[in-house]
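Text of model.txt, listed as compact mmCIF, C-alpha atoms:
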# COMPACT_ATOMS: atom_id res chain seq x y z
CA MET A 17 -126.24 -70.05 -255.29
CA TYR A 18 -127.10 -66.53 -254.47
CA PHE A 19 -130.16 -64.91 -253.16
CA LEU A 20 -131.60 -61.46 -253.18
CA ALA A 21 -130.99 -59.63 -249.99
CA ALA A 22 -133.76 -57.62 -248.47
CA GLU A 23 -131.92 -54.35 -248.72
CA GLY A 24 -132.11 -52.56 -252.06
CA GLY A 25 -132.47 -55.67 -254.19
CA GLU A 26 -128.68 -55.95 -254.30
CA THR A 27 -127.33 -59.41 -255.08
CA THR A 28 -125.60 -60.93 -252.06
CA HIS A 29 -123.57 -64.07 -252.04
CA ASN A 30 -123.24 -66.89 -249.62
CA PRO A 31 -119.47 -67.40 -249.46
CA ILE A 32 -119.75 -71.04 -248.39
CA ILE A 33 -121.67 -72.06 -251.52
CA PRO A 34 -119.39 -72.45 -254.52
CA LEU A 35 -120.20 -70.86 -257.86
CA TRP A 36 -120.48 -73.63 -260.42
CA GLN A 37 -118.92 -71.42 -263.10
CA GLU A 38 -115.80 -71.06 -260.99
CA ILE A 39 -115.68 -74.79 -260.35
CA VAL A 40 -115.80 -75.42 -264.11
CA VAL A 41 -113.16 -72.82 -264.96
CA GLY A 42 -110.92 -73.68 -262.03
CA GLY A 43 -111.27 -77.39 -262.71
CA ILE A 44 -110.31 -77.04 -266.35
CA ALA A 45 -107.39 -74.77 -265.51
CA PHE A 46 -106.12 -77.11 -262.80
CA ILE A 47 -106.46 -80.18 -265.02
CA VAL A 48 -104.46 -78.42 -267.73
CA LEU A 49 -101.82 -77.55 -265.16
CA CYS A 50 -101.72 -81.10 -263.83
CA PHE A 51 -101.51 -82.54 -267.31
CA VAL A 52 -98.59 -80.40 -268.41
CA LEU A 53 -96.57 -80.54 -265.19
CA MET A 54 -97.16 -84.21 -264.42
CA LYS A 55 -96.50 -85.33 -267.97
CA PHE A 56 -93.69 -83.09 -269.15
CA VAL A 57 -91.90 -81.73 -266.11
CA PHE A 58 -91.86 -83.89 -263.00
CA PRO A 59 -91.12 -87.26 -264.64
CA ARG A 60 -88.10 -85.62 -266.26
CA MET A 61 -87.03 -84.26 -262.89
CA GLU A 62 -87.30 -87.77 -261.50
CA GLN A 63 -85.15 -88.99 -264.41
CA THR A 64 -82.60 -86.30 -263.75
CA PHE A 65 -82.48 -87.23 -260.06
CA GLN A 66 -81.97 -90.84 -261.05
CA ALA A 67 -79.26 -89.90 -263.51
CA ARG A 68 -77.57 -87.87 -260.81
CA VAL A 69 -77.73 -90.77 -258.38
CA ASP A 70 -76.30 -93.05 -261.07
CA ALA A 71 -73.55 -90.58 -261.79
CA ILE A 72 -72.60 -90.33 -258.13
CA GLU A 73 -72.82 -94.07 -257.53
CA GLY A 74 -70.91 -94.73 -260.75
CA GLY A 75 -68.26 -92.28 -259.58
CA ILE A 76 -68.00 -94.04 -256.25
CA LYS A 77 -67.77 -97.40 -257.98
CA ARG A 78 -65.07 -96.10 -260.31
CA ALA A 79 -63.17 -94.67 -257.37
CA GLU A 80 -63.43 -97.98 -255.54
CA ALA A 81 -62.17 -99.84 -258.59
CA ALA A 82 -59.25 -97.43 -258.91
CA GLN A 83 -58.51 -97.81 -255.21
CA ALA A 84 -58.56 -101.59 -255.49
CA GLU A 85 -56.26 -101.45 -258.50
CA ALA A 86 -53.90 -99.13 -256.69
CA ASN A 87 -53.87 -101.44 -253.67
CA GLN A 88 -53.19 -104.41 -255.89
CA LEU A 89 -50.33 -102.59 -257.59
CA LEU A 90 -48.93 -101.56 -254.22
CA GLU A 91 -49.11 -105.16 -253.04
CA GLN A 92 -47.40 -106.26 -256.23
CA TYR A 93 -44.65 -103.66 -255.84
CA ARG A 94 -44.15 -104.66 -252.23
CA ALA A 95 -43.87 -108.29 -253.25
CA GLN A 96 -41.43 -107.37 -255.98
CA LEU A 97 -39.42 -105.24 -253.60
CA ALA A 98 -39.26 -108.04 -251.04
CA GLU A 99 -38.21 -110.43 -253.77
CA ALA A 100 -35.55 -108.02 -254.93
CA ARG A 101 -34.29 -107.66 -251.35
CA THR A 102 -34.05 -111.43 -250.93
CA ASP A 103 -32.32 -111.65 -254.29
CA ALA A 104 -29.88 -108.97 -253.29
CA ALA A 105 -29.19 -110.68 -249.99
CA LYS A 106 -28.69 -113.97 -251.78
CA ILE A 107 -26.37 -112.37 -254.29
CA ARG A 108 -24.39 -110.78 -251.46
CA ASP A 109 -24.16 -114.09 -249.65
CA ASP A 110 -23.11 -115.82 -252.84
CA ALA A 111 -20.52 -113.18 -253.49
CA ARG A 112 -19.19 -113.50 -249.97
CA ALA A 113 -19.09 -117.26 -250.32
CA ASP A 114 -17.40 -116.93 -253.71
CA ALA A 115 -14.85 -114.53 -252.30
CA GLU A 116 -14.14 -116.89 -249.44
CA GLY A 117 -13.83 -119.75 -251.90
CA ILE A 118 -11.52 -117.78 -254.11
CA ARG A 119 -9.44 -116.77 -251.11
CA GLN A 120 -9.20 -120.38 -250.04
CA ASP A 121 -8.27 -121.40 -253.58
CA ILE A 122 -5.65 -118.77 -253.83
CA LEU A 123 -4.27 -119.69 -250.43
CA ALA A 124 -4.26 -123.33 -251.33
CA LYS A 125 -2.61 -122.59 -254.63
CA ALA A 126 -0.03 -120.37 -252.95
CA ARG A 127 0.69 -123.00 -250.36
CA GLU A 128 0.99 -125.61 -253.07
CA GLU A 129 3.21 -123.31 -255.05
CA SER A 130 5.43 -122.62 -252.09
CA ASP A 131 5.54 -126.31 -251.28
CA ARG A 132 6.42 -127.02 -254.86
CA ILE A 133 9.10 -124.35 -254.87
CA ILE A 134 10.48 -125.63 -251.59
CA ALA A 135 10.38 -129.17 -252.86
CA ALA A 136 12.08 -128.14 -256.11
CA GLY A 137 14.75 -126.26 -254.12
CA LYS A 138 15.33 -129.24 -251.91
CA GLU A 139 15.55 -131.52 -254.87
CA GLN A 140 17.93 -129.22 -256.62
CA LEU A 141 19.99 -128.90 -253.50
CA ALA A 142 20.07 -132.67 -253.11
CA ALA A 143 20.97 -133.06 -256.78
CA GLU A 144 23.68 -130.47 -256.51
CA ARG A 145 24.96 -132.05 -253.37
CA ALA A 146 24.99 -135.42 -255.03
CA THR A 147 26.83 -133.95 -258.01
CA ILE A 148 29.25 -132.19 -255.76
CA VAL A 149 29.69 -135.29 -253.70
CA ARG A 150 30.29 -137.30 -256.85
CA GLU A 151 32.70 -134.76 -258.24
CA LEU A 152 34.43 -134.38 -254.94
CA ARG A 153 34.65 -138.12 -254.66
CA THR A 154 36.41 -138.42 -258.00
CA GLU A 155 38.55 -135.39 -257.42
CA VAL A 156 39.45 -136.29 -253.87
CA GLY A 157 40.15 -139.79 -255.12
CA THR A 158 42.38 -138.54 -257.88
CA LEU A 159 44.10 -136.11 -255.58
CA ALA A 160 44.54 -138.67 -252.93
CA VAL A 161 45.80 -141.22 -255.42
CA ASP A 162 48.13 -138.64 -256.98
CA LEU A 163 49.33 -137.64 -253.59
CA ALA A 164 49.69 -141.22 -252.49
CA SER A 165 51.48 -142.21 -255.70
CA LYS A 166 53.73 -139.25 -255.31
CA ILE A 167 54.37 -140.12 -251.73
CA VAL A 168 54.55 -143.82 -252.15
CA GLY A 169 55.96 -143.59 -255.66
CA GLU A 170 54.09 -146.28 -256.99
CA SER A 171 51.41 -146.03 -259.64
CA LEU A 172 48.34 -147.71 -258.93
CA ALA A 173 47.26 -148.18 -262.51
CA ASP A 174 45.06 -150.99 -261.71
CA GLU A 175 41.65 -149.44 -261.78
CA ALA A 176 39.88 -151.93 -259.65
CA ARG A 177 42.32 -151.84 -256.88
CA ARG A 178 42.59 -148.09 -256.97
CA LYS A 179 38.78 -147.75 -256.68
CA GLY A 180 38.74 -150.10 -253.78
CA THR A 181 41.40 -148.15 -251.97
CA VAL A 182 39.71 -144.79 -252.53
CA ASP A 183 36.36 -146.05 -251.42
CA ARG A 184 37.82 -147.44 -248.34
CA PHE A 185 39.55 -144.16 -247.65
CA LEU A 186 36.38 -142.13 -248.19
CA SER A 187 34.30 -144.38 -245.98
CA GLY A 188 36.93 -143.85 -243.40
CA LEU A 189 36.60 -140.06 -243.91
CA GLU A 190 32.81 -140.16 -243.76
CA SER A 191 32.74 -142.13 -240.62
CA THR A 192 35.12 -139.75 -238.97
CA GLY A 193 33.13 -136.73 -240.31
CA ALA A 194 29.88 -138.20 -238.97
CA ARG A 195 31.30 -138.69 -235.57
CA MET B 22 -108.64 -57.61 -263.26
CA PHE B 23 -108.55 -54.13 -261.87
CA GLY B 24 -112.16 -54.27 -260.84
CA GLN B 25 -111.31 -53.76 -257.24
CA ALA B 26 -109.07 -50.84 -258.01
CA ASN B 27 -111.93 -49.34 -259.99
CA VAL B 28 -114.26 -49.84 -257.08
CA LEU B 29 -111.80 -48.08 -254.78
CA ALA B 30 -111.14 -45.30 -257.27
CA GLN B 31 -114.82 -44.61 -257.76
CA GLY B 32 -115.27 -44.32 -254.02
CA GLN B 33 -117.88 -47.04 -254.02
CA ALA B 34 -116.15 -49.04 -251.33
CA GLU B 35 -118.13 -48.91 -248.16
CA PHE B 36 -117.10 -49.59 -244.64
CA PRO B 37 -117.44 -52.15 -243.22
CA PRO B 38 -116.54 -54.48 -246.11
CA THR B 39 -119.10 -57.13 -246.97
CA VAL B 40 -119.12 -60.50 -248.62
CA GLY B 41 -120.12 -58.69 -251.78
CA ASP B 42 -116.63 -57.22 -251.95
CA PHE B 43 -115.36 -60.68 -252.82
CA TYR B 44 -117.56 -60.88 -255.92
CA LEU B 45 -116.17 -58.47 -258.42
CA PRO B 46 -117.85 -57.42 -261.62
CA SER B 47 -117.27 -59.60 -264.64
CA ILE B 48 -114.51 -58.66 -267.11
CA LEU B 49 -116.15 -60.32 -270.10
CA PRO B 50 -118.83 -59.17 -270.55
CA TRP B 51 -117.56 -56.03 -268.88
CA GLY B 52 -119.24 -55.09 -265.65
CA ALA B 53 -121.97 -57.76 -265.64
CA GLU B 54 -123.00 -58.59 -262.09
CA ASN B 55 -123.87 -62.25 -262.33
CA SER B 56 -121.55 -63.60 -264.99
CA TYR B 57 -118.73 -65.61 -263.44
CA PHE B 58 -116.92 -67.29 -266.31
CA PHE B 59 -114.43 -64.53 -266.83
CA THR B 60 -113.88 -62.44 -263.76
CA LYS B 61 -110.77 -61.18 -262.02
CA ILE B 62 -110.87 -64.41 -260.01
CA THR B 63 -110.92 -66.81 -262.95
CA ALA B 64 -108.41 -64.64 -264.80
CA MET B 65 -106.05 -65.02 -261.84
CA VAL B 66 -106.50 -68.79 -261.91
CA TRP B 67 -105.55 -68.85 -265.59
CA ILE B 68 -102.60 -66.57 -264.90
CA ALA B 69 -101.43 -68.88 -262.09
CA VAL B 70 -101.72 -71.90 -264.37
CA GLY B 71 -99.93 -70.08 -267.19
CA VAL B 72 -97.13 -68.82 -264.95
CA LEU B 73 -96.53 -72.26 -263.46
CA ILE B 74 -96.55 -74.02 -266.83
CA ILE B 75 -94.23 -71.47 -268.40
CA PHE B 76 -91.90 -71.44 -265.41
CA PHE B 77 -91.55 -75.20 -265.18
CA LEU B 78 -91.33 -75.80 -268.91
CA ALA B 79 -88.79 -73.03 -269.35
CA SER B 80 -86.62 -74.09 -266.45
CA TYR B 81 -86.82 -77.76 -267.39
CA ARG B 82 -86.59 -77.50 -271.15
CA ASN B 83 -83.05 -78.75 -271.21
CA PRO B 84 -82.25 -80.46 -267.90
CA GLN B 85 -78.59 -80.80 -266.99
CA LEU B 86 -76.93 -83.16 -264.56
CA VAL B 87 -75.32 -80.14 -262.98
CA PRO B 88 -78.29 -77.79 -262.79
CA THR B 89 -78.45 -74.15 -263.78
CA LYS B 90 -79.88 -71.70 -261.27
CA LYS B 91 -83.38 -71.82 -262.75
CA GLN B 92 -83.35 -75.57 -263.03
CA TRP B 93 -82.08 -75.83 -259.48
CA PHE B 94 -84.95 -73.65 -258.27
CA ALA B 95 -87.56 -75.73 -260.08
CA GLU B 96 -85.92 -78.90 -258.81
CA SER B 97 -85.84 -77.72 -255.24
CA ILE B 98 -89.58 -77.02 -255.29
CA TYR B 99 -90.22 -80.52 -256.57
CA GLY B 100 -87.57 -81.97 -254.27
CA PHE B 101 -89.10 -80.22 -251.27
CA VAL B 102 -92.56 -81.67 -251.89
CA ARG B 103 -91.14 -85.03 -252.96
CA ASN B 104 -88.82 -85.57 -250.01
CA ASN B 105 -90.37 -83.52 -247.23
CA ILE B 106 -94.02 -84.29 -247.92
CA ALA B 107 -94.50 -87.31 -250.17
CA VAL B 108 -91.64 -89.51 -248.96
CA ASP B 109 -91.81 -88.35 -245.35
CA MET B 110 -95.52 -88.96 -245.06
CA ILE B 111 -96.06 -91.97 -247.29
CA GLY B 112 -92.66 -93.58 -247.46
CA HIS B 113 -90.89 -94.99 -250.46
CA GLN B 114 -94.01 -95.46 -252.58
CA GLY B 115 -94.89 -91.80 -251.99
CA VAL B 116 -92.59 -90.89 -254.85
CA ARG B 117 -95.27 -91.73 -257.40
CA PHE B 118 -97.63 -89.19 -255.84
CA ALA B 119 -94.99 -86.47 -255.70
CA PRO B 120 -95.87 -85.00 -259.14
CA TYR B 121 -99.49 -84.46 -258.16
CA PHE B 122 -98.59 -83.12 -254.73
CA THR B 123 -96.12 -80.70 -256.24
CA THR B 124 -98.66 -79.47 -258.79
CA LEU B 125 -101.20 -79.07 -256.00
CA PHE B 126 -98.72 -77.28 -253.75
CA CYS B 127 -97.57 -74.87 -256.46
CA PHE B 128 -101.12 -74.11 -257.56
CA VAL B 129 -102.38 -73.43 -254.04
CA LEU B 130 -99.29 -71.45 -253.12
CA LEU B 131 -99.45 -69.20 -256.16
CA THR B 132 -103.20 -68.65 -256.06
CA ASN B 133 -102.89 -67.91 -252.33
CA ALA B 134 -100.03 -65.54 -253.03
CA PHE B 135 -102.28 -63.40 -255.19
CA ALA B 136 -103.81 -62.25 -251.92
CA ILE B 137 -100.84 -59.98 -251.26
CA ILE B 138 -99.43 -59.35 -254.74
CA PRO B 139 -100.17 -55.74 -255.71
CA PHE B 140 -103.03 -55.31 -258.22
CA PHE B 141 -104.19 -58.87 -257.71
CA GLN B 142 -104.75 -58.52 -253.98
CA ILE B 143 -107.36 -61.19 -253.64
CA SER B 144 -106.84 -64.91 -253.65
CA PRO B 145 -109.01 -67.11 -255.85
CA ASN B 146 -109.00 -69.48 -252.88
CA SER B 147 -111.16 -67.00 -250.98
CA HIS B 148 -113.91 -68.31 -253.25
CA ILE B 149 -114.77 -71.73 -251.96
CA ALA B 150 -115.20 -73.15 -255.46
CA PHE B 151 -111.42 -73.59 -255.91
CA PRO B 152 -110.56 -75.16 -252.54
CA ALA B 153 -113.68 -77.28 -252.97
CA PHE B 154 -112.66 -78.95 -256.21
CA LEU B 155 -109.10 -79.40 -254.95
CA ALA B 156 -110.54 -81.09 -251.86
CA VAL B 157 -112.77 -83.26 -254.02
CA ILE B 158 -109.76 -84.35 -256.07
CA SER B 159 -107.89 -85.23 -252.85
CA TYR B 160 -110.96 -87.11 -251.58
CA VAL B 161 -111.36 -89.09 -254.78
CA LEU B 162 -107.61 -89.68 -254.91
CA PHE B 163 -107.21 -91.16 -251.45
CA ASN B 164 -110.32 -93.31 -251.73
CA TYR B 165 -109.36 -94.54 -255.17
CA ILE B 166 -105.82 -95.34 -254.02
CA GLY B 167 -107.15 -97.15 -250.97
CA ILE B 168 -109.65 -99.22 -252.92
CA ARG B 169 -107.12 -100.10 -255.60
CA HIS B 170 -104.52 -101.05 -253.01
CA HIS B 171 -106.66 -103.08 -250.61
CA GLY B 172 -109.78 -103.95 -252.57
CA PHE B 173 -113.14 -102.43 -251.82
CA VAL B 174 -114.14 -104.46 -248.75
CA LYS B 175 -110.77 -104.55 -247.06
CA TYR B 176 -110.27 -100.83 -247.61
CA PHE B 177 -113.52 -99.95 -245.86
CA LYS B 178 -112.84 -102.48 -243.14
CA ASN B 179 -109.41 -100.95 -242.64
CA SER B 180 -110.69 -97.41 -242.51
CA LEU B 181 -113.86 -97.99 -240.52
CA ILE B 182 -113.03 -100.64 -237.96
CA PRO B 183 -110.34 -99.56 -235.52
CA PRO B 184 -108.56 -102.20 -233.42
CA ALA B 185 -110.79 -101.87 -230.38
CA PRO B 186 -112.91 -104.16 -228.22
CA TRP B 187 -116.10 -105.22 -229.99
CA TYR B 188 -118.47 -103.53 -227.59
CA ILE B 189 -117.04 -100.08 -228.36
CA LEU B 190 -117.22 -100.57 -232.12
CA PRO B 191 -120.88 -99.49 -232.51
CA LEU B 192 -119.73 -96.12 -231.23
CA LEU B 193 -116.41 -95.95 -233.09
CA ILE B 194 -117.55 -97.00 -236.55
CA PRO B 195 -119.97 -94.10 -237.07
CA ILE B 196 -117.33 -91.69 -235.74
CA GLU B 197 -114.73 -93.10 -238.10
CA PHE B 198 -117.13 -92.95 -241.01
CA PHE B 199 -118.07 -89.40 -240.18
CA SER B 200 -114.51 -88.18 -239.76
CA THR B 201 -112.97 -90.04 -242.68
CA PHE B 202 -115.60 -89.95 -245.37
CA LEU B 203 -117.75 -86.93 -244.55
CA VAL B 204 -115.63 -84.36 -242.75
CA ARG B 205 -112.30 -84.72 -244.52
CA PRO B 206 -113.10 -83.10 -247.88
CA PHE B 207 -115.21 -80.47 -246.20
CA SER B 208 -112.56 -79.52 -243.63
CA LEU B 209 -109.87 -79.52 -246.28
CA ALA B 210 -111.81 -77.10 -248.46
CA VAL B 211 -113.09 -74.89 -245.68
CA ARG B 212 -109.72 -74.58 -243.96
CA LEU B 213 -108.09 -73.13 -247.04
CA PHE B 214 -111.09 -71.07 -248.09
CA ALA B 215 -111.68 -69.62 -244.61
CA ASN B 216 -108.05 -68.68 -244.13
CA MET B 217 -107.89 -66.82 -247.41
CA PHE B 218 -111.32 -65.31 -246.96
CA ALA B 219 -110.51 -64.09 -243.47
CA GLY B 220 -107.12 -62.78 -244.56
CA HIS B 221 -108.64 -60.76 -247.35
CA MET B 222 -111.39 -59.52 -245.09
CA LEU B 223 -108.86 -58.45 -242.48
CA LEU B 224 -106.80 -56.51 -245.01
CA LEU B 225 -109.98 -54.91 -246.35
CA VAL B 226 -111.10 -53.90 -242.88
CA PHE B 227 -107.87 -52.13 -242.06
CA THR B 228 -107.42 -50.54 -245.50
CA LEU B 229 -111.01 -49.37 -245.88
CA GLY B 230 -111.16 -48.51 -242.19
CA GLY B 231 -108.33 -46.06 -242.74
CA PHE B 232 -110.22 -44.40 -245.57
CA ALA B 233 -113.48 -44.42 -243.62
CA MET B 234 -111.90 -42.65 -240.64
CA LEU B 235 -110.15 -40.15 -242.86
CA SER B 236 -113.35 -39.18 -244.64
CA ALA B 237 -115.31 -39.09 -241.42
CA ASN B 238 -113.03 -36.64 -239.65
CA ALA B 239 -109.69 -35.16 -240.70
CA TRP B 240 -108.53 -35.31 -237.09
CA LEU B 241 -108.59 -39.06 -237.26
CA ALA B 242 -105.83 -39.08 -239.88
CA PRO B 243 -103.16 -40.42 -237.44
CA VAL B 244 -105.43 -43.31 -236.59
CA SER B 245 -105.84 -43.98 -240.30
CA VAL B 246 -102.08 -44.18 -240.58
CA VAL B 247 -102.02 -46.68 -237.72
CA SER B 248 -104.69 -48.64 -239.54
CA TRP B 249 -102.61 -48.75 -242.71
CA VAL B 250 -99.49 -49.72 -240.82
CA MET B 251 -101.55 -52.56 -239.41
CA THR B 252 -102.44 -53.48 -242.99
CA ILE B 253 -98.75 -53.81 -243.79
CA ALA B 254 -98.10 -55.88 -240.68
CA LEU B 255 -101.06 -58.09 -241.51
CA THR B 256 -99.73 -58.52 -245.03
CA PHE B 257 -96.69 -60.20 -243.51
CA LEU B 258 -98.97 -62.38 -241.42
CA GLU B 259 -100.92 -63.13 -244.57
CA PHE B 260 -97.70 -64.20 -246.26
CA LEU B 261 -97.15 -66.72 -243.48
CA VAL B 262 -100.72 -67.97 -243.78
CA ILE B 263 -100.35 -68.29 -247.56
CA CYS B 264 -97.32 -70.55 -247.31
CA LEU B 265 -98.66 -72.46 -244.34
CA GLN B 266 -102.03 -73.19 -245.89
CA ALA B 267 -100.49 -74.38 -249.16
CA TYR B 268 -98.23 -76.68 -247.12
CA VAL B 269 -101.05 -77.87 -244.88
CA PHE B 270 -103.33 -78.65 -247.81
CA THR B 271 -100.62 -80.75 -249.46
CA VAL B 272 -99.55 -82.46 -246.23
CA LEU B 273 -103.12 -83.38 -245.33
CA THR B 274 -103.73 -84.82 -248.78
CA ALA B 275 -100.52 -86.83 -248.40
CA SER B 276 -101.57 -87.97 -244.95
CA TYR B 277 -104.97 -89.13 -246.27
CA VAL B 278 -103.23 -91.07 -249.04
CA GLN B 279 -100.88 -92.55 -246.46
CA GLY B 280 -103.84 -93.58 -244.32
CA ALA B 281 -105.51 -95.20 -247.31
CA LEU B 282 -102.34 -97.15 -248.13
CA ALA B 283 -101.57 -98.20 -244.54
CA GLU B 284 -101.90 -101.88 -243.80
CA GLU B 285 -103.13 -101.41 -240.26
CA HIS B 286 -105.75 -99.01 -239.16
Using structure tokens, write down the structure that the file contains.
Amino acid sequence: MYFLAAEGGETTHNPIIPLWQEIVVGGIAFIVLCFVLMKFVFPRMEQTFQARVDAIEGGIKRAEAAQAEANQLLEQYRAQLAEARTDAAKIRDDARADAEGIRQDILAKAREESDRIIAAGKEQLAAERATIVRELRTEVGTLAVDLASKIVGESLADEARRKGTVDRFLSGLESTGAR
Amino acid sequence: MFGQANVLAQGQAEFPPTVGDFYLPSILPWGAENSYFFTKITAMVWIAVGVLIIFFLASYRNPQLVPTKKQWFAESIYGFVRNNIAVDMIGHQGVRFAPYFTTLFCFVLLTNAFAIIPFFQISPNSHIAFPAFLAVISYVLFNYIGIRHHGFVKYFKNSLIPPAPWYILPLLIPIEFFSTFLVRPFSLAVRLFANMFAGHMLLLVFTLGGFAMLSANAWLAPVSVVSWVMTIALTFLEFLVICLQAYVFTVLTASYVQGALAEEH
């Protein structure tokens, strides 16, 4: 391990030959160091790294889930919006159709009403005309008879004859009026 | 711990520095020449172990998902070794070796760093005992992993027989055996030891050289200053070597483990 040098009996060392005492001390110290660090420190670091990886990956997963949910909601809202648009369009179409229908109804009713009014007017006119004609017929008859009796001086009391005379006279009038 | 400072203060330091300068007097018992259980070197090893344990336990006592500054620092050391050494070299299954690699990296880095920390100013790794047992652990580790993963026979077949024509194998197998099973632990230990040894020697040469010139002739004082400036410059170089050697030691261990786990040669 060491040998005595020639000069002055001083101890010299050969640096390439290890001192066993240092090997023992260094070995013990290094084993203590290894034991403590490899048992209590580095495995925990590895755990922390793992936990960090988990945290990051978990975060990414959560973000992805949130993204997917958001997309799904967006899809849903779009679908609902489209549905609402179709509904609105349908309602508008219905309303337009209803309005058209109502217009047609009202028109039809109005036309019917006017027809009815016209018909009623015509009927009334005809009735009035008939009444007037009837009244005129009696009156003209009476007048004519009165006039004739005054002129002729004879009373035509006999109803049946008188009626026949008047009718004949009126027919004569009508035929001349129609011509 | 201040043995070296004492040596300097008492004017015992001679120029040029010798190997003896690496072997400081014992602290307990005080001043004994050939007692090595408690010297500045072993004290520094214990300090390194204590500092690392306290630092990691303190910064990871209460780990948070969102880390505090201290926790972040501890995590980035582990994360660096885990992702840039273990996983890069070995692949997915390298994660299970990351704790050991990180411990190894931190230990080598801190013990190396003592080379340039004031009042420590010598690295325990400039004594081959420490790189040697670290190398032995790496050696045992990669062989054990290989044997457990492939089985004894297949592991040695994998590591010794390269895919080459049969007639070249008698030449290749001894080379493979020599490089894998004999040279690896030795080169691993010597690389770290020699770097730290040479670094310390270099700093000693320029520091003590400055003093030697100054005491030889007062007119050489400017040259002494140049010598000390060189010491400072070399300290920066030493810093680079410290980090690099800690990294290289860990990367090589990882690469050996990777080789032991590999399916093909």
Identify all chain A residues at most 10 Å from chain B by counting all atoms listed in the file; ligands do not count. Present them as a ChimeraX atom specification.
/A:18,26-69,71
Atoms kept (C-alpha atoms) for selection, written as a tab-separated table (two decimals), in the frame of the given file:
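What landed in selection.tsv:
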chain	number	residue	atom	x	y	z
A	18	TYR	CA	-127.10	-66.53	-254.47
A	26	GLU	CA	-128.68	-55.95	-254.30
A	27	THR	CA	-127.33	-59.41	-255.08
A	28	THR	CA	-125.60	-60.93	-252.06
A	29	HIS	CA	-123.57	-64.07	-252.04
A	30	ASN	CA	-123.24	-66.89	-249.62
A	31	PRO	CA	-119.47	-67.40	-249.46
A	32	ILE	CA	-119.75	-71.04	-248.39
A	33	ILE	CA	-121.67	-72.06	-251.52
A	34	PRO	CA	-119.39	-72.45	-254.52
A	35	LEU	CA	-120.20	-70.86	-257.86
A	36	TRP	CA	-120.48	-73.63	-260.42
A	37	GLN	CA	-118.92	-71.42	-263.10
A	38	GLU	CA	-115.80	-71.06	-260.99
A	39	ILE	CA	-115.68	-74.79	-260.35
A	40	VAL	CA	-115.80	-75.42	-264.11
A	41	VAL	CA	-113.16	-72.82	-264.96
A	42	GLY	CA	-110.92	-73.68	-262.03
A	43	GLY	CA	-111.27	-77.39	-262.71
A	44	ILE	CA	-110.31	-77.04	-266.35
A	45	ALA	CA	-107.39	-74.77	-265.51
A	46	PHE	CA	-106.12	-77.11	-262.80
A	47	ILE	CA	-106.46	-80.18	-265.02
A	48	VAL	CA	-104.46	-78.42	-267.73
A	49	LEU	CA	-101.82	-77.55	-265.16
A	50	CYS	CA	-101.72	-81.10	-263.83
A	51	PHE	CA	-101.51	-82.54	-267.31
A	52	VAL	CA	-98.59	-80.40	-268.41
A	53	LEU	CA	-96.57	-80.54	-265.19
A	54	MET	CA	-97.16	-84.21	-264.42
A	55	LYS	CA	-96.50	-85.33	-267.97
A	56	PHE	CA	-93.69	-83.09	-269.15
A	57	VAL	CA	-91.90	-81.73	-266.11
A	58	PHE	CA	-91.86	-83.89	-263.00
A	59	PRO	CA	-91.12	-87.26	-264.64
A	60	ARG	CA	-88.10	-85.62	-266.26
A	61	MET	CA	-87.03	-84.26	-262.89
A	62	GLU	CA	-87.30	-87.77	-261.50
A	63	GLN	CA	-85.15	-88.99	-264.41
A	64	THR	CA	-82.60	-86.30	-263.75
A	65	PHE	CA	-82.48	-87.23	-260.06
A	66	GLN	CA	-81.97	-90.84	-261.05
A	67	ALA	CA	-79.26	-89.90	-263.51
A	68	ARG	CA	-77.57	-87.87	-260.81
A	69	VAL	CA	-77.73	-90.77	-258.38
A	71	ALA	CA	-73.55	-90.58	-261.79
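Interatomic distance, atom CA of Thr181 of chain A to atom CA of Lys166 of chain A: 15.6 Å.
Summary of the local environment: counting only C-alpha atoms, residues at most 9 Å from Thr201 of chain B, other than itself and those fewer than 3 positions away along its chain, are Ser180, Leu181, Ile196, Glu197, Phe198, Val204, Arg205, Pro206 and Tyr277 of chain B.
Among the candidate residues B:Phe101, B:Phe260, B:Tyr160, B:Trp249, the one lying nearest to Leu203 of chain B is B:Tyr160, with distances computed using only C-alpha atoms.
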Which value, in Å to one decimal, gives the distance between atom CA of Thr158 of chain A and atom CA of Gly180 of chain A?
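Interatomic distance here is 12.8 Å.
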List the spatial neighbours of segment 112-115 of chain B as a list in words - criterion: any atom at most 10 Å away, all atoms listed in the file, same-chain residues fewer than 5 positions off excluded.
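Contacts, in chain order: Arg103, Asn104, Ile106, Ala107, Pro120, Phe122, Ala275, Val278, Gln279 and Leu282 of chain B.
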Between atom CA of Ser159 of chain B and atom CA of Gly280 of chain B, what distance in Å does the model show, to one decimal?
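Atom CA of Ser159 of chain B sits 12.6 Å away from atom CA of Gly280 of chain B.
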12 Å contact set for Gly167 of chain B, only C-alpha atoms, chain neighbours under 3 positions out, as a ChimeraX atom specification
/B:160-164,170-180,277-284
Counting all atoms listed in the file, which residues have an atom no more than 12 Å from (-102.5, -56.0, -241.2) in the file's coordinates? Please list them as a ChimeraX atom specification.
/B:137,219-231,246-260
Need to verify the contact set: segment 265-270 of chain B, 9 Å, only C-alpha atoms, exclusion of same-chain residues closer than 3 positions in sequence. Can you return it as a PyMOL selection string?
chain B and resi 102+106+125-131+133+156+209-210+212-213+216-217+260-262+273-275
